[in-house]
Amino acid sequence: MAGRKRRRLKLLTASYKDDTRISKQGDAEQNEQEAWSFLPVELLEFIISQLTLKDNIRTSAVCKTWFSVALSVRVVNKPPWLMYFPKLGNRFEFYDPSKRKTYSLELPELHGCRICYNKDGWLLLYKPRTQRVLFFNPFTREMIKLPRFEMTYQIVAFSSSPKSPNCIVFTVKHVSPTVVAISTCYPGATVWTTVNYHNRLPFVSSIWNKLVFCHGLFYCLSLTGWLGVYDPLELTWSIRVVPPPRCPDNFFVKNWWKGKFMAEHKGDIFVIYTCYSENPIIYKLDQVNKEWVEMKTLEGVTLFASFLSSHARTDLLGMMRNSVYFSKVRFYGKRCISYSLDHRRYYPRKQCHDWGEQDPFESIWVEPPEDVSTFSWED
């Protein structure tokens with residue numbers, strides 16, 4: 001595909017050069033400027049489509065023609081929505097941070113379920129009463145059942161959409177500081193597979209651990225910050241010799257350790273530490289040097305942190321870039337708490353995220369629907 005694009009670009013460029021050969025008479029500089037102004041639209045679309053959103057916006061300011069082309073090929077991502085779990089009933093609320101609107105939807109299918117994880121638009125659910133594990137898409141109402149399995153204090157995640165042939169569900173819990181029990185399953189399986197693995201380094205797991213899938217591997221951050229890695233193809237488990245990220249002072253006091261989040265984006269793994277009295281600290285895993293590097297900027301990435309699963313986005317419009325959005329909405333449902341790395345402050349001001357007090361199981365970030373016509377909009 002990349003080879004065909006390069007050949008196509010060469011043909012377009014060669015054709016363009018033949019059609020815009022500059023005459024030896026006249027001002028060469030003026031001719032060159034005019035040549036750029038009259039680039040074939042197809043060639044211009046190809047060039048601008050390769051730019052980032054930020055460069056696309058800059059390019060659109062050149063002239064009316066470039067504005068029209070830049071706008072036609074501009075790709076703007078949608079942020080995830082924050083899904084709130086009701087204490088009573090089956091009406092779930094969904095908050096759109098880009099429009100600052102709250103929608104609601106009746107989901108009786110979730111009655112008696114515990115939401116465990118979210119990825120690619122699918123929720124992973126667990127029914128404690130029946131020990132039933134299942135996938136559910138809240139907007140299409142599709143449901144895919146897995147074999148029964150007793151989930152107690154495991155953390156759980158899955159690799160991709162359950163409709164993908166590569167989907168794997170993964171859970172881990174420690175049997176002792178040097179032994180973990182790893183259970184895996186996949187759509188269509190009749191049983192779960194559980195294997196005990198011995199650690200070279202202590203690894204204590206709990207429901208407060210964080211878990212992401214990245215480049216074919218499951219990465220799990222233990223309670224004290226050690227990184228466990230599971231390869232579902234090779235069926236191997238190891239503890240990486242990577243010193244844990246530095247925690248804020250008093251991070252483990254008064255339940256502040258609840259404010260730890262982990263997200264993956266295009267091969268990069270981020271960890272977010274929050275503490276009420278301090279600004280968030282964000283780290284990115286340096287796989288080569290085997291260390292966590294503190295990030296002063298996210299280079300346009302936006303992180304959406306919640307206890308059950310966290311997400312990352314690029315190419316968002318406005319002030320959402322280079323920020324962390326937390327799963328807490330205040331001011332009567334109008335403002336989502338966020339932290340800007342550009343401005344080194346919380347929005348709204350002085351709205352530090354009190355993770356020690358908040359119920360971590362009350363919300364989760366989910367993929368937004370394509371169509372909102374089935375939703376009730378709350379003013």
# chains A, B, ... in the order shown; residues from 1 in each chain; ligands from 1
$ select_by_dssp --residues "segment 56-282 of chain A" --states "alpha helix (DSSP H)" --output "PDB file with N, CA and C atoms, in the first residue's frame"
ATOM      1  N   ASN A  56      -2.186  20.618   9.579  1.00  0.00           N
ATOM      2  CA  ASN A  56      -3.311  20.785   8.664  1.00  0.00           C
ATOM      3  C   ASN A  56      -3.982  22.133   8.892  1.00  0.00           C
ATOM      4  N   ILE A  57      -4.189  22.491  10.148  1.00  0.00           N
ATOM      5  CA  ILE A  57      -4.827  23.769  10.475  1.00  0.00           C
ATOM      6  C   ILE A  57      -3.954  24.938  10.037  1.00  0.00           C
ATOM      7  N   ARG A  58      -2.647  24.816  10.224  1.00  0.00           N
ATOM      8  CA  ARG A  58      -1.738  25.870   9.775  1.00  0.00           C
ATOM      9  C   ARG A  58      -1.773  26.013   8.254  1.00  0.00           C
ATOM     10  N   THR A  59      -1.790  24.885   7.554  1.00  0.00           N
ATOM     11  CA  THR A  59      -1.806  24.898   6.097  1.00  0.00           C
ATOM     12  C   THR A  59      -3.069  25.557   5.558  1.00  0.00           C
ATOM     13  N   LYS A  64      -7.465  30.432   0.067  1.00  0.00           N
ATOM     14  CA  LYS A  64      -8.793  29.837   0.024  1.00  0.00           C
ATOM     15  C   LYS A  64      -8.763  28.412  -0.520  1.00  0.00           C
ATOM     16  N   THR A  65      -7.942  28.189  -1.545  1.00  0.00           N
ATOM     17  CA  THR A  65      -7.862  26.852  -2.142  1.00  0.00           C
ATOM     18  C   THR A  65      -7.306  25.847  -1.146  1.00  0.00           C
ATOM     19  N   TRP A  66      -6.218  26.245  -0.474  1.00  0.00           N
ATOM     20  CA  TRP A  66      -5.613  25.331   0.492  1.00  0.00           C
ATOM     21  C   TRP A  66      -6.544  25.110   1.683  1.00  0.00           C
ATOM     22  N   PHE A  67      -7.289  26.154   2.069  1.00  0.00           N
ATOM     23  CA  PHE A  67      -8.252  26.001   3.159  1.00  0.00           C
ATOM     24  C   PHE A  67      -9.296  24.950   2.799  1.00  0.00           C
ATOM     25  N   SER A  68      -9.812  25.024   1.581  1.00  0.00           N
ATOM     26  CA  SER A  68     -10.840  24.081   1.136  1.00  0.00           C
ATOM     27  C   SER A  68     -10.301  22.647   1.110  1.00  0.00           C
ATOM     28  N   VAL A  69      -9.085  22.479   0.587  1.00  0.00           N
ATOM     29  CA  VAL A  69      -8.501  21.135   0.506  1.00  0.00           C
ATOM     30  C   VAL A  69      -8.173  20.609   1.901  1.00  0.00           C
ATOM     31  N   ALA A  70      -7.572  21.456   2.755  1.00  0.00           N
ATOM     32  CA  ALA A  70      -7.210  21.021   4.113  1.00  0.00           C
ATOM     33  C   ALA A  70      -8.445  20.588   4.886  1.00  0.00           C
ATOM     34  N   LEU A  71      -9.527  21.332   4.719  1.00  0.00           N
ATOM     35  CA  LEU A  71     -10.767  20.999   5.419  1.00  0.00           C
ATOM     36  C   LEU A  71     -11.345  19.675   4.916  1.00  0.00           C
ATOM     37  N   SER A  72     -11.197  19.398   3.623  1.00  0.00           N
ATOM     38  CA  SER A  72     -11.781  18.181   3.048  1.00  0.00           C
ATOM     39  C   SER A  72     -11.058  16.916   3.489  1.00  0.00           C
ATOM     40  N   VAL A  73      -9.764  17.030   3.841  1.00  0.00           N
ATOM     41  CA  VAL A  73      -9.005  15.836   4.242  1.00  0.00           C
ATOM     42  C   VAL A  73      -8.698  15.830   5.736  1.00  0.00           C
TER      43      VAL A  73
END
$ closest_atom_pairs --of "segment 136-254 of chain A" --to "segment 100-107 of chain A" --cutoff "12 Å" --atoms "only C-alpha atoms" --output "Markdown table"
| residue | atom | partner | partner_atom | distance |
| --- | --- | --- | --- | --- |
| A:Phe136 | CA | A:Leu107 | CA | 10.6 |
| A:Asn137 | CA | A:Leu107 | CA | 10.5 |
| A:Pro138 | CA | A:Leu107 | CA | 7.3 |
| A:Phe139 | CA | A:Leu105 | CA | 9.1 |
| A:Thr140 | CA | A:Leu107 | CA | 11.1 |
| A:Arg141 | CA | A:Leu107 | CA | 8.6 |
| A:Glu142 | CA | A:Leu107 | CA | 11.8 |
$ write_last_selection --atoms "all heavy atoms" --output "PDB file, in the first residue's frame"
ATOM      1  N   PHE A 136     -20.480  -6.834  26.068  1.00  0.00           N
ATOM      2  CA  PHE A 136     -21.714  -6.133  25.731  1.00  0.00           C
ATOM      3  C   PHE A 136     -21.370  -4.794  25.103  1.00  0.00           C
ATOM      4  O   PHE A 136     -20.532  -4.051  25.609  1.00  0.00           O
ATOM      5  CB  PHE A 136     -22.565  -5.909  26.988  1.00  0.00           C
ATOM      6  CG  PHE A 136     -23.848  -5.163  26.733  1.00  0.00           C
ATOM      7  CD1 PHE A 136     -24.876  -5.748  26.005  1.00  0.00           C
ATOM      8  CD2 PHE A 136     -24.028  -3.873  27.226  1.00  0.00           C
ATOM      9  CE1 PHE A 136     -26.063  -5.070  25.773  1.00  0.00           C
ATOM     10  CE2 PHE A 136     -25.206  -3.191  27.012  1.00  0.00           C
ATOM     11  CZ  PHE A 136     -26.233  -3.792  26.271  1.00  0.00           C
ATOM     12  N   ASN A 137     -22.005  -4.509  23.950  1.00  0.00           N
ATOM     13  CA  ASN A 137     -21.859  -3.205  23.310  1.00  0.00           C
ATOM     14  C   ASN A 137     -23.070  -2.359  23.691  1.00  0.00           C
ATOM     15  O   ASN A 137     -24.191  -2.678  23.301  1.00  0.00           O
ATOM     16  CB  ASN A 137     -21.783  -3.359  21.791  1.00  0.00           C
ATOM     17  CG  ASN A 137     -21.453  -2.049  21.085  1.00  0.00           C
ATOM     18  OD1 ASN A 137     -22.040  -1.014  21.367  1.00  0.00           O
ATOM     19  ND2 ASN A 137     -20.512  -2.115  20.160  1.00  0.00           N
ATOM     20  N   PRO A 138     -22.893  -1.281  24.469  1.00  0.00           N
ATOM     21  CA  PRO A 138     -24.043  -0.551  24.992  1.00  0.00           C
ATOM     22  C   PRO A 138     -24.853   0.196  23.932  1.00  0.00           C
ATOM     23  O   PRO A 138     -26.002   0.564  24.180  1.00  0.00           O
ATOM     24  CB  PRO A 138     -23.416   0.437  25.984  1.00  0.00           C
ATOM     25  CG  PRO A 138     -22.015   0.610  25.503  1.00  0.00           C
ATOM     26  CD  PRO A 138     -21.615  -0.712  24.926  1.00  0.00           C
ATOM     27  N   PHE A 139     -24.288   0.407  22.748  1.00  0.00           N
ATOM     28  CA  PHE A 139     -24.988   1.184  21.732  1.00  0.00           C
ATOM     29  C   PHE A 139     -25.616   0.322  20.645  1.00  0.00           C
ATOM     30  O   PHE A 139     -26.620   0.702  20.051  1.00  0.00           O
ATOM     31  CB  PHE A 139     -24.029   2.214  21.124  1.00  0.00           C
ATOM     32  CG  PHE A 139     -23.399   3.100  22.163  1.00  0.00           C
ATOM     33  CD1 PHE A 139     -22.026   3.221  22.253  1.00  0.00           C
ATOM     34  CD2 PHE A 139     -24.182   3.790  23.067  1.00  0.00           C
ATOM     35  CE1 PHE A 139     -21.443   4.035  23.215  1.00  0.00           C
ATOM     36  CE2 PHE A 139     -23.618   4.608  24.042  1.00  0.00           C
ATOM     37  CZ  PHE A 139     -22.244   4.730  24.107  1.00  0.00           C
ATOM     38  N   THR A 140     -25.037  -0.850  20.381  1.00  0.00           N
ATOM     39  CA  THR A 140     -25.654  -1.770  19.420  1.00  0.00           C
ATOM     40  C   THR A 140     -26.459  -2.856  20.117  1.00  0.00           C
ATOM     41  O   THR A 140     -27.193  -3.595  19.463  1.00  0.00           O
ATOM     42  CB  THR A 140     -24.586  -2.423  18.539  1.00  0.00           C
ATOM     43  OG1 THR A 140     -23.749  -3.272  19.352  1.00  0.00           O
ATOM     44  CG2 THR A 140     -23.726  -1.378  17.845  1.00  0.00           C
ATOM     45  N   ARG A 141     -26.284  -2.987  21.431  1.00  0.00           N
ATOM     46  CA  ARG A 141     -26.962  -3.988  22.274  1.00  0.00           C
ATOM     47  C   ARG A 141     -26.511  -5.419  21.950  1.00  0.00           C
ATOM     48  O   ARG A 141     -27.166  -6.380  22.344  1.00  0.00           O
ATOM     49  CB  ARG A 141     -28.481  -3.888  22.151  1.00  0.00           C
ATOM     50  CG  ARG A 141     -29.050  -2.499  22.467  1.00  0.00           C
ATOM     51  CD  ARG A 141     -28.765  -2.097  23.900  1.00  0.00           C
ATOM     52  NE  ARG A 141     -29.299  -0.790  24.232  1.00  0.00           N
ATOM     53  CZ  ARG A 141     -30.501  -0.587  24.771  1.00  0.00           C
ATOM     54  NH1 ARG A 141     -31.291  -1.600  25.053  1.00  0.00           N
ATOM     55  NH2 ARG A 141     -30.901   0.642  25.042  1.00  0.00           N
ATOM     56  N   GLU A 142     -25.396  -5.562  21.256  1.00  0.00           N
ATOM     57  CA  GLU A 142     -24.877  -6.902  20.986  1.00  0.00           C
ATOM     58  C   GLU A 142     -24.284  -7.497  22.255  1.00  0.00           C
ATOM     59  O   GLU A 142     -23.685  -6.793  23.070  1.00  0.00           O
ATOM     60  CB  GLU A 142     -23.813  -6.858  19.892  1.00  0.00           C
ATOM     61  CG  GLU A 142     -24.328  -6.433  18.529  1.00  0.00           C
ATOM     62  CD  GLU A 142     -23.214  -6.301  17.524  1.00  0.00           C
ATOM     63  OE1 GLU A 142     -22.613  -5.208  17.467  1.00  0.00           O
ATOM     64  OE2 GLU A 142     -22.935  -7.272  16.798  1.00  0.00           O
TER      65      GLU A 142
END
$ atom_distance --atom1 "atom CA of Asn322 of chain A" --atom2 "atom CA of Asp268 of chain A"
15.0 Å
$ residues_around --residues "Gly89 of chain A" --least-positions-apart "2" --cutoff "10 Å" --atoms "only C-alpha atoms" --output "MDAnalysis selection string"
chainID A and resid 85:87 91:92 106:108 111
$ write_last_selection --atoms "N, CA and C atoms" --output "short mmCIF file (atom, residue, chain, number, x, y, z; two decimals), in the first residue's frame"
data_model
loop_
_atom_site.label_atom_id
_atom_site.label_comp_id
_atom_site.auth_asym_id
_atom_site.auth_seq_id
_atom_site.Cartn_x
_atom_site.Cartn_y
_atom_site.Cartn_z
N PHE A 85 -22.52 4.91 36.24
CA PHE A 85 -23.36 3.79 36.65
C PHE A 85 -24.39 4.27 37.67
N PRO A 86 -25.66 3.99 37.47
CA PRO A 86 -26.69 4.45 38.41
C PRO A 86 -26.66 3.64 39.70
N LYS A 87 -26.99 4.28 40.80
CA LYS A 87 -27.11 3.56 42.07
C LYS A 87 -28.41 2.76 42.12
N ARG A 91 -31.07 3.42 34.12
CA ARG A 91 -30.78 4.56 33.26
C ARG A 91 -29.33 5.02 33.49
N PHE A 92 -28.51 4.88 32.44
CA PHE A 92 -27.10 5.24 32.51
C PHE A 92 -26.89 6.61 31.87
N GLU A 106 -31.45 3.92 28.66
CA GLU A 106 -31.88 2.77 29.46
C GLU A 106 -31.15 1.52 28.99
N LEU A 107 -30.48 0.83 29.93
CA LEU A 107 -29.74 -0.40 29.61
C LEU A 107 -30.11 -1.48 30.63
N PRO A 108 -31.29 -2.07 30.48
CA PRO A 108 -31.70 -3.12 31.43
C PRO A 108 -30.82 -4.36 31.35
N HIS A 111 -28.40 -4.97 34.31
CA HIS A 111 -28.89 -5.19 35.67
C HIS A 111 -28.16 -6.38 36.31
#
$ closest_atom_pairs --of "segment 57-161 of chain A" --to "segment 200-208 of chain A" --cutoff "9 Å" --atoms "only C-alpha atoms" --output "tab-separated table"
residue	atom	partner	partner_atom	distance
A:Thr152	CA	A:Ile207	CA	9.0
A:Tyr153	CA	A:Ile207	CA	5.5
A:Gln154	CA	A:Ile207	CA	5.9
A:Ile155	CA	A:Ile207	CA	5.3
A:Val156	CA	A:Ile207	CA	8.9
$ atom_distance --atom1 "atom CA of Gly188 of chain A" --atom2 "atom CA of Ser306 of chain A"
29.4 Å
$ closest_residue --among "A:Pro79, A:Pro162, A:Pro128, A:Gly216" --to "Arg114 of chain A" --atoms "only C-alpha atoms"
A:Pro128
$ select_by_dssp --residues "segment 68-164 of chain A" --states "strand (DSSP E or B)" --output "NGL selection string"
:A and (81-84 or 91-96 or 101-106 or 114-119 or 122-127 or 132-136 or 143-146 or 155-158)
$ residues_around --residues "Glu150 of chain A" --least-positions-apart "5" --cutoff "10 Å" --atoms "only C-alpha atoms" --output "VMD selection string"
chain A and resid 126 to 133
$ write_last_selection --atoms "N, CA and C atoms" --output "tab-separated table (two decimals), in the first residue's frame"
chain	number	residue	atom	x	y	z
A	126	TYR	N	-19.37	-8.80	34.37
A	126	TYR	CA	-19.34	-9.98	35.24
A	126	TYR	C	-20.57	-9.97	36.12
A	127	LYS	N	-21.28	-11.09	36.16
A	127	LYS	CA	-22.44	-11.25	37.03
A	127	LYS	C	-22.04	-12.10	38.23
A	128	PRO	N	-21.82	-11.50	39.38
A	128	PRO	CA	-21.37	-12.27	40.56
A	128	PRO	C	-22.33	-13.39	40.95
A	129	ARG	N	-23.63	-13.17	40.78
A	129	ARG	CA	-24.60	-14.17	41.24
A	129	ARG	C	-24.49	-15.47	40.44
A	130	THR	N	-24.26	-15.34	39.13
A	130	THR	CA	-24.19	-16.53	38.27
A	130	THR	C	-22.78	-16.84	37.80
A	131	GLN	N	-21.81	-15.96	38.13
A	131	GLN	CA	-20.43	-16.08	37.66
A	131	GLN	C	-20.34	-16.07	36.14
A	132	ARG	N	-21.27	-15.42	35.50
A	132	ARG	CA	-21.27	-15.30	34.05
A	132	ARG	C	-20.40	-14.12	33.61
A	133	VAL	N	-19.54	-14.36	32.61
A	133	VAL	CA	-18.69	-13.32	32.03
A	133	VAL	C	-19.17	-13.09	30.60
$ atom_distance --atom1 "atom CA of Ala181 of chain A" --atom2 "atom CA of Thr224 of chain A"
18.2 Å
$ residues_around --residues "segment 337-340 of chain A" --least-positions-apart "6" --cutoff "9 Å" --atoms "only C-alpha atoms" --output "PyMOL selection string"
chain A and resi 279-280+304+319-330+346-348+351-353
$ residues_around --residues "Leu235 of chain A" --least-positions-apart "5" --cutoff "10 Å" --atoms "only C-alpha atoms" --output "VMD selection string"
chain A and resid 182 195 230
$ write_last_selection --atoms "N, CA and C atoms" --output "compact mmCIF listing (two decimals), in the first residue's frame"
# COMPACT_ATOMS: atom_id res chain seq x y z
N ILE A 182 -2.61 -16.83 36.42
CA ILE A 182 -3.06 -16.13 35.22
C ILE A 182 -4.13 -16.98 34.54
N VAL A 195 -3.09 -20.91 34.78
CA VAL A 195 -1.73 -21.42 34.99
C VAL A 195 -1.06 -20.57 36.07
N TYR A 230 2.85 -10.35 30.19
CA TYR A 230 2.38 -11.67 29.77
C TYR A 230 2.28 -11.72 28.26
$ residues_around --residues "Val212 of chain A" --least-positions-apart "5" --cutoff "9 Å" --atoms "only C-alpha atoms" --output "mmCIF file with N, CA, C and O atoms, in the first residue's frame"
data_model
loop_
_atom_site.group_PDB
_atom_site.id
_atom_site.type_symbol
_atom_site.label_atom_id
_atom_site.label_comp_id
_atom_site.auth_asym_id
_atom_site.auth_seq_id
_atom_site.Cartn_x
_atom_site.Cartn_y
_atom_site.Cartn_z
ATOM 1 N N ALA A 157 -8.612 -7.597 31.625
ATOM 2 C CA ALA A 157 -8.596 -6.782 30.417
ATOM 3 C C ALA A 157 -8.733 -7.721 29.226
ATOM 4 O O ALA A 157 -8.607 -8.944 29.361
ATOM 5 N N PHE A 158 -8.998 -7.143 28.043
ATOM 6 C CA PHE A 158 -8.990 -7.956 26.831
ATOM 7 C C PHE A 158 -8.251 -7.211 25.733
ATOM 8 O O PHE A 158 -8.108 -5.980 25.769
ATOM 9 N N SER A 159 -7.777 -7.941 24.747
ATOM 10 C CA SER A 159 -6.834 -7.400 23.775
ATOM 11 C C SER A 159 -7.486 -6.591 22.674
ATOM 12 O O SER A 159 -6.913 -5.607 22.197
ATOM 13 N N LEU A 217 1.244 -7.835 23.831
ATOM 14 C CA LEU A 217 1.572 -8.211 25.204
ATOM 15 C C LEU A 217 0.645 -7.511 26.190
ATOM 16 O O LEU A 217 0.211 -6.387 25.954
ATOM 17 N N PHE A 218 0.361 -8.181 27.315
ATOM 18 C CA PHE A 218 -0.371 -7.567 28.415
ATOM 19 C C PHE A 218 0.646 -7.027 29.430
ATOM 20 O O PHE A 218 1.510 -7.778 29.905
ATOM 21 N N TYR A 219 0.528 -5.730 29.742
ATOM 22 C CA TYR A 219 1.408 -5.087 30.714
ATOM 23 C C TYR A 219 0.602 -4.788 31.968
ATOM 24 O O TYR A 219 -0.453 -4.160 31.900
ATOM 25 N N CYS A 220 1.121 -5.220 33.104
ATOM 26 C CA CYS A 220 0.402 -5.058 34.368
ATOM 27 C C CYS A 220 1.311 -4.374 35.383
ATOM 28 O O CYS A 220 2.436 -4.824 35.628
ATOM 29 N N MET A 262 -3.217 3.811 34.002
ATOM 30 C CA MET A 262 -2.305 3.303 32.983
ATOM 31 C C MET A 262 -3.026 3.303 31.647
ATOM 32 O O MET A 262 -4.173 2.865 31.538
ATOM 33 N N ALA A 263 -2.363 3.816 30.598
ATOM 34 C CA ALA A 263 -2.966 3.883 29.275
ATOM 35 C C ALA A 263 -1.921 3.534 28.221
ATOM 36 O O ALA A 263 -0.713 3.664 28.447
ATOM 37 N N GLU A 264 -2.425 3.106 27.057
ATOM 38 C CA GLU A 264 -1.553 2.750 25.938
ATOM 39 C C GLU A 264 -1.936 3.566 24.720
ATOM 40 O O GLU A 264 -3.112 3.827 24.474
ATOM 41 N N ILE A 269 3.383 3.346 26.492
ATOM 42 C CA ILE A 269 2.647 3.050 27.715
ATOM 43 C C ILE A 269 2.849 4.201 28.692
ATOM 44 O O ILE A 269 3.983 4.588 28.990
ATOM 45 N N SER A 309 -10.607 1.492 33.219
ATOM 46 C CA SER A 309 -9.767 1.478 32.021
ATOM 47 C C SER A 309 -9.539 2.911 31.574
ATOM 48 O O SER A 309 -10.419 3.753 31.705
ATOM 49 N N SER A 310 -8.349 3.170 31.041
ATOM 50 C CA SER A 310 -7.985 4.508 30.588
ATOM 51 C C SER A 310 -7.675 4.466 29.095
ATOM 52 O O SER A 310 -7.314 3.426 28.550
#
$ closest_residue --among "A:Cys336, A:Leu134, A:Val241, A:Leu124" --to "Leu146 of chain A" --atoms "only C-alpha atoms"
A:Leu134
$ closest_residue --among "A:Tyr95, A:Phe135, A:Tyr186, A:Tyr84" --to "Lys334 of chain A" --atoms "only C-alpha atoms"
A:Tyr95
$ closest_residue --among "A:Phe361, A:Tyr276, A:Tyr283, A:Trp192" --to "Pro147 of chain A" --atoms "only C-alpha atoms"
A:Trp192
